[in-house]
Each structure stands twice: as C-alpha cells, then as structure tokens.
$ cat coords_9.cif   # mmCIF, C-alpha atoms and all ligand atoms
data_query
#
loop_
_atom_site.label_atom_id
_atom_site.label_comp_id
_atom_site.auth_asym_id
_atom_site.auth_seq_id
_atom_site.Cartn_x
_atom_site.Cartn_y
_atom_site.Cartn_z
CA MET A 1 -23.08 5.62 -23.15
CA ILE A 2 -23.85 2.55 -21.17
CA THR A 3 -21.51 1.33 -18.53
CA THR A 4 -21.69 -1.28 -15.87
CA LEU A 5 -21.70 -0.51 -12.19
CA LYS A 6 -20.79 -3.13 -9.66
CA THR A 7 -21.80 -2.26 -6.17
CA ARG A 8 -20.79 -3.48 -2.78
CA LEU A 9 -22.25 -6.54 -1.17
CA GLY A 10 -22.87 -8.22 -4.42
CA ARG A 11 -25.41 -5.93 -5.95
CA SER A 12 -24.90 -4.59 -9.42
CA VAL A 13 -26.69 -2.22 -11.69
CA VAL A 14 -26.05 -0.62 -15.05
CA LEU A 15 -25.62 3.11 -15.23
CA THR A 16 -26.47 5.11 -18.28
CA THR A 17 -25.05 8.42 -17.15
CA ALA A 18 -22.38 9.67 -14.80
CA LEU A 19 -20.90 7.58 -12.07
CA PHE A 20 -21.54 8.39 -8.46
CA SER A 21 -20.28 7.18 -5.13
CA ILE A 22 -22.26 4.48 -3.43
CA SER A 23 -19.79 3.63 -0.71
CA ALA A 24 -20.51 4.13 2.94
CA GLY A 25 -18.59 7.16 4.15
CA SER A 26 -16.92 9.62 1.88
CA THR A 27 -13.35 9.66 0.75
CA LEU A 28 -11.42 12.38 -0.94
CA ALA A 29 -10.84 11.79 -4.59
CA HIS A 30 -7.43 10.40 -5.38
CA GLY A 31 -7.08 8.93 -1.92
CA PRO A 32 -6.94 5.27 -0.97
CA ASP A 33 -9.92 3.16 -1.99
CA PRO A 34 -12.70 3.41 0.62
CA LEU A 35 -13.34 0.51 2.96
CA GLN A 36 -15.78 -2.21 2.06
CA ASP A 37 -18.12 -3.46 4.76
CA GLY A 38 -17.24 -6.46 6.86
CA LYS A 39 -14.26 -7.95 8.63
CA LEU A 40 -10.68 -8.16 7.51
CA TRP A 41 -8.96 -11.42 6.72
CA ALA A 42 -5.95 -12.24 8.86
CA GLN A 43 -2.65 -10.85 7.61
CA ASP A 44 -1.35 -13.04 4.79
CA GLN A 45 -4.31 -15.39 5.21
CA ALA A 46 -4.23 -18.03 2.47
CA VAL A 47 -7.85 -18.12 1.34
CA THR A 48 -8.97 -20.96 -0.89
CA TYR A 49 -11.94 -21.12 -3.25
CA GLN A 50 -13.56 -23.69 -5.45
CA TRP A 51 -16.09 -23.67 -8.24
CA ARG A 52 -19.68 -23.78 -7.14
CA SER A 53 -21.29 -27.13 -7.86
CA LEU A 54 -22.85 -27.27 -11.34
CA GLN A 55 -21.58 -23.75 -12.08
CA ALA A 56 -17.92 -24.30 -12.91
CA PRO A 57 -16.70 -21.84 -15.56
CA PRO A 58 -15.53 -22.90 -19.01
CA LYS A 59 -11.76 -23.26 -19.18
CA TRP A 60 -11.06 -19.80 -20.62
CA MET A 61 -13.05 -18.22 -17.78
CA ALA A 62 -11.60 -20.50 -15.12
CA ASP A 63 -8.11 -19.58 -16.28
CA ALA A 64 -8.96 -15.86 -16.19
CA ILE A 65 -10.33 -16.07 -12.64
CA ASP A 66 -7.34 -18.10 -11.44
CA ARG A 67 -4.98 -15.59 -13.07
CA ALA A 68 -6.80 -12.76 -11.30
CA ALA A 69 -6.37 -14.55 -7.97
CA ALA A 70 -2.65 -14.77 -8.69
CA ASP A 71 -2.60 -11.10 -9.81
CA ALA A 72 -4.07 -10.11 -6.45
CA GLY A 73 -1.38 -12.00 -4.56
CA ILE A 74 1.46 -10.65 -6.66
CA SER A 75 0.37 -7.02 -6.62
CA ARG A 76 -1.15 -6.62 -3.12
CA ALA A 77 2.02 -4.83 -1.82
CA SER A 78 0.84 -5.62 1.68
CA ARG A 79 -0.06 -8.47 4.00
CA ALA A 80 -3.55 -8.75 2.53
CA ALA A 81 -5.04 -12.20 1.96
CA THR A 82 -4.00 -14.39 -0.93
CA PHE A 83 -6.35 -16.52 -2.99
CA ALA A 84 -5.86 -19.94 -4.56
CA ARG A 85 -8.28 -22.46 -6.01
CA VAL A 86 -8.64 -25.93 -4.63
CA ALA A 87 -10.59 -28.85 -6.08
CA SER A 88 -12.74 -29.33 -3.01
CA GLY A 89 -13.04 -28.63 0.68
CA SER A 90 -13.35 -24.84 0.49
CA SER A 91 -16.37 -22.93 1.72
CA SER A 92 -15.61 -20.03 -0.67
CA LEU A 93 -17.46 -20.53 -3.93
CA ILE A 94 -17.12 -18.92 -7.34
CA ALA A 95 -19.90 -19.46 -9.85
CA TYR A 96 -20.34 -18.89 -13.56
CA GLY A 97 -23.77 -18.45 -15.10
CA GLU A 98 -27.23 -18.61 -13.59
CA PRO A 99 -28.22 -18.40 -10.87
CA THR A 100 -26.08 -15.55 -9.51
CA GLY A 101 -26.20 -13.34 -6.45
CA CYS A 102 -25.96 -10.29 -8.70
CA THR A 103 -28.71 -7.84 -9.46
CA SER A 104 -30.33 -8.15 -12.85
CA ALA A 105 -27.79 -5.87 -14.51
CA GLY A 106 -24.52 -6.98 -12.91
CA ILE A 107 -21.79 -8.65 -14.96
CA ALA A 108 -20.06 -9.90 -11.81
CA CYS A 109 -20.52 -9.54 -8.08
CA PHE A 110 -19.32 -10.79 -4.72
CA ASN A 111 -20.31 -11.30 -1.12
CA ARG A 112 -17.79 -11.00 1.71
CA VAL A 113 -20.07 -11.24 4.74
CA GLY A 114 -18.41 -14.58 5.50
CA ALA A 115 -14.96 -13.02 5.95
CA PRO A 116 -12.61 -14.06 7.48
CA VAL A 117 -13.89 -17.58 6.77
CA SER A 118 -15.33 -17.51 3.28
CA PHE A 119 -16.53 -15.41 0.37
CA LYS A 120 -18.75 -15.78 -2.67
CA MET A 121 -18.28 -14.55 -6.23
CA TRP A 122 -20.41 -14.77 -9.36
CA PHE A 123 -19.86 -14.06 -13.06
CA ARG A 124 -22.58 -13.74 -15.65
CA ALA A 125 -22.19 -16.10 -18.55
CA HIS A 126 -20.76 -15.11 -21.91
CA GLY A 127 -23.72 -14.24 -24.09
CA TYR A 128 -25.97 -13.18 -21.22
CA VAL A 129 -28.46 -10.66 -22.57
CA PHE A 130 -28.83 -7.40 -20.67
CA ASP A 131 -31.17 -4.59 -21.60
CA TRP A 132 -28.12 -2.73 -22.92
CA GLY A 133 -26.86 -5.58 -25.02
CA THR A 134 -25.14 -8.94 -24.90
CA LEU A 135 -22.30 -9.57 -22.48
CA ARG A 136 -19.09 -10.63 -24.12
CA TRP A 137 -16.05 -11.64 -22.10
CA CYS A 138 -12.92 -10.93 -24.14
CA GLU A 139 -11.34 -14.23 -23.19
CA GLY A 140 -14.41 -16.03 -24.51
CA LEU A 141 -14.11 -14.59 -28.00
CA SER A 142 -12.25 -16.53 -30.67
CA THR A 143 -11.39 -13.15 -32.21
CA ILE A 144 -11.14 -10.32 -29.71
CA ALA A 145 -13.39 -7.35 -30.45
CA ASP A 146 -14.17 -3.96 -29.00
CA GLY A 147 -16.94 -3.84 -26.46
CA CYS A 148 -15.87 -6.98 -24.61
CA PHE A 149 -14.99 -7.00 -20.91
CA ASP A 150 -11.71 -8.52 -19.75
CA ALA A 151 -12.70 -11.25 -17.30
CA GLU A 152 -9.32 -11.20 -15.54
CA THR A 153 -9.70 -7.46 -14.91
CA ALA A 154 -13.26 -7.88 -13.68
CA ALA A 155 -12.24 -10.75 -11.41
CA LEU A 156 -9.40 -8.68 -9.96
CA ASP A 157 -11.96 -5.99 -9.09
CA GLU A 158 -13.99 -8.68 -7.31
CA PHE A 159 -10.98 -10.07 -5.43
CA GLY A 160 -10.21 -6.50 -4.39
CA HIS A 161 -13.70 -6.24 -2.90
CA VAL A 162 -13.22 -9.57 -1.18
CA GLU A 163 -10.01 -8.21 0.38
CA VAL A 164 -11.96 -5.21 1.78
CA LEU A 165 -11.75 -2.57 -0.96
CA ALA A 166 -14.70 -0.45 -2.01
CA HIS A 167 -14.81 1.41 -5.30
CA HIS A 168 -12.23 4.13 -5.77
CA ALA A 169 -13.51 7.71 -5.66
CA ASN A 170 -12.27 9.27 -8.89
CA TYR A 171 -11.91 12.88 -9.89
CA SER A 172 -14.95 14.06 -11.77
CA THR A 173 -12.87 14.06 -14.93
CA GLY A 174 -11.91 10.44 -14.38
CA SER A 175 -8.29 11.37 -14.99
CA ASP A 176 -7.20 9.16 -12.11
CA TYR A 177 -9.07 6.07 -13.29
CA LEU A 178 -5.84 4.09 -13.53
CA ASP A 179 -5.09 4.73 -9.85
CA ALA A 180 -7.40 1.84 -9.00
CA VAL A 181 -8.65 -1.34 -10.58
CA VAL A 182 -11.47 -1.52 -8.05
CA GLN A 183 -13.73 0.82 -9.95
CA THR A 184 -17.44 1.55 -9.95
CA VAL A 185 -17.56 1.61 -13.71
CA SER A 186 -15.97 -1.29 -15.57
CA ARG A 187 -14.55 -0.26 -18.89
CA ALA A 188 -14.94 -2.32 -22.04
CA ARG A 189 -12.23 -2.73 -24.63
CA PRO A 190 -10.58 -0.50 -25.86
CA LYS A 191 -11.24 2.25 -23.34
CA THR A 192 -8.29 3.14 -21.09
CA GLY A 193 -8.24 0.84 -18.11
CA TRP A 194 -10.15 -2.03 -19.71
CA LEU A 195 -7.14 -4.34 -19.31
CA VAL A 196 -5.52 -4.18 -15.84
CA HIS A 197 -3.96 -7.21 -14.22
CA ALA A 198 -2.49 -5.70 -11.05
CA PHE A 199 -3.80 -3.67 -8.17
CA ALA A 200 -3.03 0.01 -8.69
CA ARG A 201 -1.57 2.45 -6.19
CA CYS A 202 -4.81 3.55 -4.52
CA ASP A 203 -5.91 -0.09 -4.18
CA THR A 204 -2.63 -1.03 -2.51
CA ALA A 205 -2.80 2.12 -0.39
CA ARG A 206 -5.94 0.83 1.30
CA LEU A 207 -4.52 -2.70 1.53
CA GLN A 208 -1.43 -1.33 3.27
CA LEU A 209 -3.56 0.74 5.65
CA GLU A 210 -5.61 -2.30 6.64
CA TYR A 211 -3.10 -5.16 6.40
CA ASP A 212 0.28 -3.40 6.84
CA ARG A 213 3.37 -3.69 4.68
CA ARG A 214 5.10 -7.03 4.17
CA THR A 215 8.42 -5.79 5.53
CA PHE A 216 9.60 -2.62 7.22
CA ARG A 217 11.69 -1.91 4.13
CA ASP A 218 8.71 -1.83 1.76
CA THR A 219 7.82 1.51 0.26
CA PHE A 220 4.47 3.06 1.01
CA SER A 221 1.96 3.33 -1.80
CA SER A 222 2.36 6.65 -3.58
CA CYS A 223 -1.40 7.12 -3.05
CA LEU A 224 -0.57 7.64 0.65
CA ALA A 225 1.12 10.46 2.58
CA ILE A 226 2.06 8.71 5.80
CA PRO A 227 3.45 11.08 8.45
CA THR A 228 6.71 9.95 10.02
CA THR A 229 8.81 10.70 13.07
CA THR A 230 12.59 10.89 13.19
CA THR A 231 14.52 11.00 16.44
CA ILE A 232 18.23 11.29 17.14
CA GLY A 233 20.53 10.44 20.01
CA ALA A 234 24.24 11.05 20.49
CA SER A 235 26.49 8.87 22.60
CA PRO A 236 28.29 10.29 24.40
CA SER A 237 26.87 13.80 24.26
CA SER A 238 30.04 15.36 25.60
CA ILE A 239 33.49 14.49 24.31
CA TYR A 240 37.04 15.60 24.21
CA VAL A 241 38.43 16.70 20.89
CA GLY A 242 39.61 13.63 19.04
CA SER A 243 37.04 11.28 20.52
CA SER A 244 34.14 10.00 18.49
CA VAL A 245 30.38 10.25 18.84
CA ARG A 246 27.93 7.67 17.66
CA PHE A 247 24.74 9.24 16.34
CA THR A 248 21.72 6.95 16.24
CA ALA A 249 18.50 7.93 14.48
CA THR A 250 15.18 6.13 14.56
CA LEU A 251 12.60 6.47 11.81
CA LYS A 252 9.03 5.28 12.10
CA THR A 253 5.50 6.15 11.14
CA THR A 254 3.59 8.26 13.62
CA ALA A 255 1.24 6.62 16.07
CA SER A 256 -1.74 8.44 14.53
CA THR A 257 -4.81 6.23 14.31
CA ALA A 258 -5.23 7.56 10.77
CA ASN A 259 -2.19 5.45 9.87
CA ARG A 260 -4.24 2.37 10.86
CA ALA A 261 -2.18 -0.82 10.49
CA LEU A 262 0.82 1.24 9.44
CA ALA A 263 0.93 3.21 12.69
CA ASN A 264 4.11 3.18 14.76
CA ASP A 265 5.98 0.98 12.29
CA PRO A 266 9.76 1.17 11.92
CA ILE A 267 10.86 2.31 8.46
CA SER A 268 14.03 0.68 7.16
CA GLY A 269 16.08 1.04 4.02
CA ARG A 270 15.58 4.77 3.65
CA THR A 271 17.85 7.79 3.27
CA VAL A 272 18.40 9.53 6.60
CA LYS A 273 20.78 12.47 6.55
CA LEU A 274 22.76 13.82 9.47
CA GLN A 275 23.02 17.61 9.74
CA ARG A 276 24.71 20.00 12.11
CA ARG A 277 24.50 23.67 12.95
CA THR A 278 26.36 26.07 15.16
CA VAL A 279 24.54 26.48 18.44
CA GLY A 280 22.06 29.30 18.03
CA SER A 281 22.17 29.21 14.24
CA SER A 282 19.21 28.35 12.07
CA THR A 283 21.28 27.12 9.15
CA TRP A 284 21.84 23.40 8.89
CA THR A 285 24.75 21.86 7.07
CA SER A 286 24.50 18.33 5.76
CA VAL A 287 27.25 16.13 7.12
CA GLY A 288 26.49 12.74 5.66
CA THR A 289 24.09 9.91 5.15
CA MET A 290 23.48 7.57 8.05
CA ALA A 291 23.91 3.85 7.54
CA PRO A 292 21.54 1.04 8.57
CA ASN A 293 22.13 0.03 12.18
CA GLY A 294 22.79 -3.64 11.57
CA THR A 295 19.52 -5.51 11.59
CA VAL A 296 17.70 -3.08 13.87
CA GLU A 297 14.60 -2.01 11.95
CA GLY A 298 14.18 1.72 11.42
CA SER A 299 17.55 2.53 12.99
CA TYR A 300 20.38 4.44 11.35
CA VAL A 301 23.87 5.27 12.63
CA LEU A 302 26.87 7.42 11.85
CA THR A 303 30.01 7.81 13.94
CA LEU A 304 31.99 11.04 13.72
CA SER A 305 34.73 12.91 15.56
CA PRO A 306 33.46 16.47 15.72
CA THR A 307 36.04 19.10 16.55
CA ALA A 308 33.67 21.72 17.93
CA THR A 309 30.37 21.93 19.75
CA TYR A 310 27.36 21.69 17.44
CA GLU A 311 23.69 20.83 17.42
CA TRP A 312 22.80 17.80 15.34
CA SER A 313 19.66 16.49 13.71
CA ALA A 314 18.59 13.63 11.47
CA THR A 315 16.29 14.14 8.49
CA PHE A 316 14.36 11.51 6.58
CA VAL A 317 14.07 12.35 2.91
CA PRO A 318 11.56 10.09 1.13
CA ALA A 319 12.47 8.94 -2.34
CA SER A 320 10.20 9.82 -5.22
CA GLY A 321 7.20 7.50 -5.21
CA ASP A 322 7.48 6.59 -1.54
CA GLY A 323 4.20 7.62 0.08
CA ALA A 324 5.74 8.84 3.33
CA VAL A 325 6.22 12.41 4.51
CA MET A 326 9.67 13.74 5.36
CA SER A 327 10.50 14.38 9.00
CA MET A 328 13.31 16.00 10.92
CA SER A 329 14.37 15.15 14.43
CA PRO A 330 14.70 17.64 17.25
CA ALA A 331 18.26 18.88 17.72
CA VAL A 332 20.72 17.21 20.04
CA LYS A 333 23.74 19.10 21.29
CA VAL A 334 27.17 17.51 21.50
CA THR A 335 29.69 19.43 23.56
CA VAL A 336 33.30 19.16 22.46
CA THR A 337 36.03 20.29 24.82
CA GLY A 338 39.76 20.03 24.98
CA CYS A 339 41.55 18.13 27.71
CA SER A 340 44.63 18.99 29.66
CA GLY A 341 46.52 17.44 32.44
CA PHE A 342 46.17 14.24 34.36
CA GLY A 343 43.26 12.06 33.39
CA CYS A 344 42.98 12.97 29.72
CA PRO A 345 42.18 10.00 27.54
CA SER A 346 45.17 8.81 25.58
CA ASN A 347 43.54 9.54 22.26
CA ALA A 348 42.45 13.05 23.21
CA VAL A 349 44.14 16.00 21.61
CA GLN A 350 46.31 17.72 24.15
CA LEU A 351 45.78 21.40 24.60
CA PRO A 352 48.75 23.63 23.87
CA GLY A 353 51.00 23.77 26.87
CA ALA A 354 49.75 20.54 28.32
CA PRO A 355 52.31 17.98 29.40
ZN ZN A 401 -16.36 -3.51 -8.23
#
$ encode --input "coords_9.cif" --output "structure tokens"
Amino acid sequence: MITTLKTRLGRSVVLTTALFSISAGSTLAHGPDPLQDGKLWAQDQAVTYQWRSLQAPPKWMADAIDRAAADAGISRASRAATFARVASGSSSLIAYGEPTGCTSAGIACFNRVGAPVSFKMWFRAHGYVFDWGTLRWCEGLSTIADGCFDAETAALDEFGHVEVLAHHANYSTGSDYLDAVVQTVSRARPKTGWLVHAFARCDTARLQLEYDRRTFRDTFSSCLAIPTTTTIGASPSSIYVGSSVRFTATLKTTASTANRALANDPISGRTVKLQRRTVGSSTWTSVGTMAPNGTVEGSYVLTLSPTATYEWSATFVPASGDGAVMSMSPAVKVTVTGCSGFGCPSNAVQLPGAP
C-alpha cells in the first residue's frame, strides 16, 4: 500500500510501508500531538495569507483551503491563531502547483520558520504525477472517486502544523487515527479519516497546552489529564448553633510546568461538591453542590448552618469528557458551640436553662 507522508518543516516523502515517528522528541501514543519546531503565534493572533503570485489555486482548491482556514478557527478550542485570506498585503503565501517547497513526493507542505510573522504553504497540482500514481484532489473531480485526497482535510493538517502541531503519535494499530487530523499518513477516500474538517481532541489538546483555553469555563480536551487543586475555606470557622458558615472553594489547575499554558488557571463552571465528616472519621458524607461565586473565576460557595462540629472538604468531580483530574481539598474544621448568658447573638440557639 502506498501512502503519503508529510513531514515537518515542509519536507514530504511517500512511504510504502509502516508509518514511523519523525518528530523531534518522543510522545506517548494517544497523547497530545507533539510540538512542531519554531515559535508560537500570539494568543488569538489573526494571521492573514494570500495566494502566491502566479500560483493562485483554481476556485475549487481556493475554496477548500479557505474552508480549512475557517475549520481551524472554529475547532481550535483554544486561543491558537486564526487564519483568513486577504487579497494583498500579507507576507504569508499559499501556492498551488510548481514550484513548491515540498520534497519530490509531497502532496502538500508548509514552512513556519517565519512564525509569529508569516508562514508558507504549498499544494501539488491536481494531476501531478508521482512515482506511485497521479494525484487527484477530491474537490477537483467532477465525479468523486476513491483514491482522491480531500484538499480541505489536507489543508487543515497544514494549518495545524502552522499553528505548532507535529504529527500525532498513533497506536501501532492505528485505532486512534481519528484522535488527530494532523497525521503523518494522509488517507485517501474512502479510508476512515480521509474526510475530517475539524481539529480532533489530541490536536486541540496540544493547542490548549500551548495557547491556553479561550475562557476559564472551557472544558479541557479529553486527550488531556490536567491535574487540579481544590482548596476550601470556612468563614467563620467557629460559630454558635444557629449561625451560618460560608464555605468558599477554589478550583484551578496545578502550577506544574507540564501544564504549560494551562498551569495555574482558574476552572469555572464545574461541579464542586461539599462534604463533611465527624472529626476523626474517615467517612465523608456529601452535603451539597457548591454554587458559582458570582463572577469570581474558579470560586464556588455554599452557606450552611451546621448544628455540630465537623470537618469539611470540597471535591471537584470532572464531567465525562472533561480532560481534568478530580481533586479534593484538605479538610477544614468548623467548631459549633452553644451559647448561654449575656453576649449571645440574638439569632443563636439558647442552651437549656439559659435566660
Ligand atoms: Zn502533516
């Protein structure tokens, strides 16, 4: 079987056997896409491109490339760069047909050494003859046929590289091929994965790691397992029976450098449960779900009137598909006592026998 391999820094070759990793550094299979060489764009940088002089694509190809640029913006799930074509004035150039910056066997390639100022991208022309056969872009066929490559999918792979993504490291079985569109081996129609118009979870995982989430409410890519920290405070920590305590929890990602751009970020819009236990017990009882603390990011509150002394903790329980790891706060003790005699607050329960 002949497949096409697109390598980093604009070089491409055709493989005739199994795929292998060519990326610098190794990454566990199924993890976020590895990092491509070069600098990041700024967060949310609006990057423009234009057709290279004398190498503008035919309309069907131009439309496919522009759609891929839009696909990247819609599906980035992060503050990665966005791409949009302009008629002129951009130093980022996309070319169709010869000459290209690709190796003799590449169907498409890119160069991002100009980041964060500019990039380059090239696509071989429909009908280009390789040693393995003739290149057919699906969008260029009047009647679609097996064996063609979807140009929008291929262009999305290239925009992923331009962002900073290197090829995903798949399981040897390839069972996780759909976890990334930025793939070493492009698949022709009708093989699974030949038609993908959005970044997949292990693409967005890397984009989140490098560019951060768009808001503190955003979920984490399910290709990630971001460790979190939950803390809890009680105010006041000692009350009379009948008074209330305001519990405040904070939830954020850990400061680990492995969390990269996601480190030390507040996490809003999640389920944080309040639990209590008898002092000295190891059994926690769930009391309720804490509510968002107004507009304070990553803060959750619940006000209660406990009638006995307990230890309390807050636990973050990630929803299915949220690539964060649960965390439980240390315990905080709230002492509850009765009140008798002069000086008791008016709302306190009076002890038996008290005036
Ligand atoms: Zn690629």
$ atom_distance --input "coords_9.cif" --atom1 "atom CA of A:Cys138" --atom2 "atom CA of A:Asp150"
5.2 Å
$ residues_around --input "coords_9.cif" --residues "A:Thr231" --least-positions-apart "6" --cutoff "6 Å" --atoms "only C-alpha atoms" --output "VMD selection string"
chain A and resid 249 to 250 329
$ atom_distance --input "coords_9.cif" --atom1 "atom CA of A:Ala68" --atom2 "atom CA of A:His30"
23.9 Å
$ closest_residue --input "coords_9.cif" --among "A:Phe149, A:Phe220, A:Phe130, A:Phe123" --to "A:Arg201" --atoms "all atoms listed in the file"
A:Phe220
$ atom_distance --input "coords_9.cif" --atom1 "atom CA of A:Ala108" --atom2 "atom CA of A:Ile94"
10.5 Å
$ residues_near_point --input "coords_9.cif" --point "(-4.2, 11.3, 0.1)" --cutoff "6 Å" --atoms "all atoms listed in the file" --output "PyMOL selection string"
chain A and resi 31+223-225
$ residues_around --input "coords_9.cif" --residues "A:Val272" --least-positions-apart "4" --cutoff "9 Å" --atoms "all atoms listed in the file" --output "VMD selection string"
chain A and resid 230 249 251 288 to 291 300 314 to 318
$ closest_residue --input "coords_9.cif" --among "A:Glu311, A:Asp37, A:Asp44, A:Glu210" --to "A:Gly280" --atoms "all atoms listed in the file"
A:Glu311
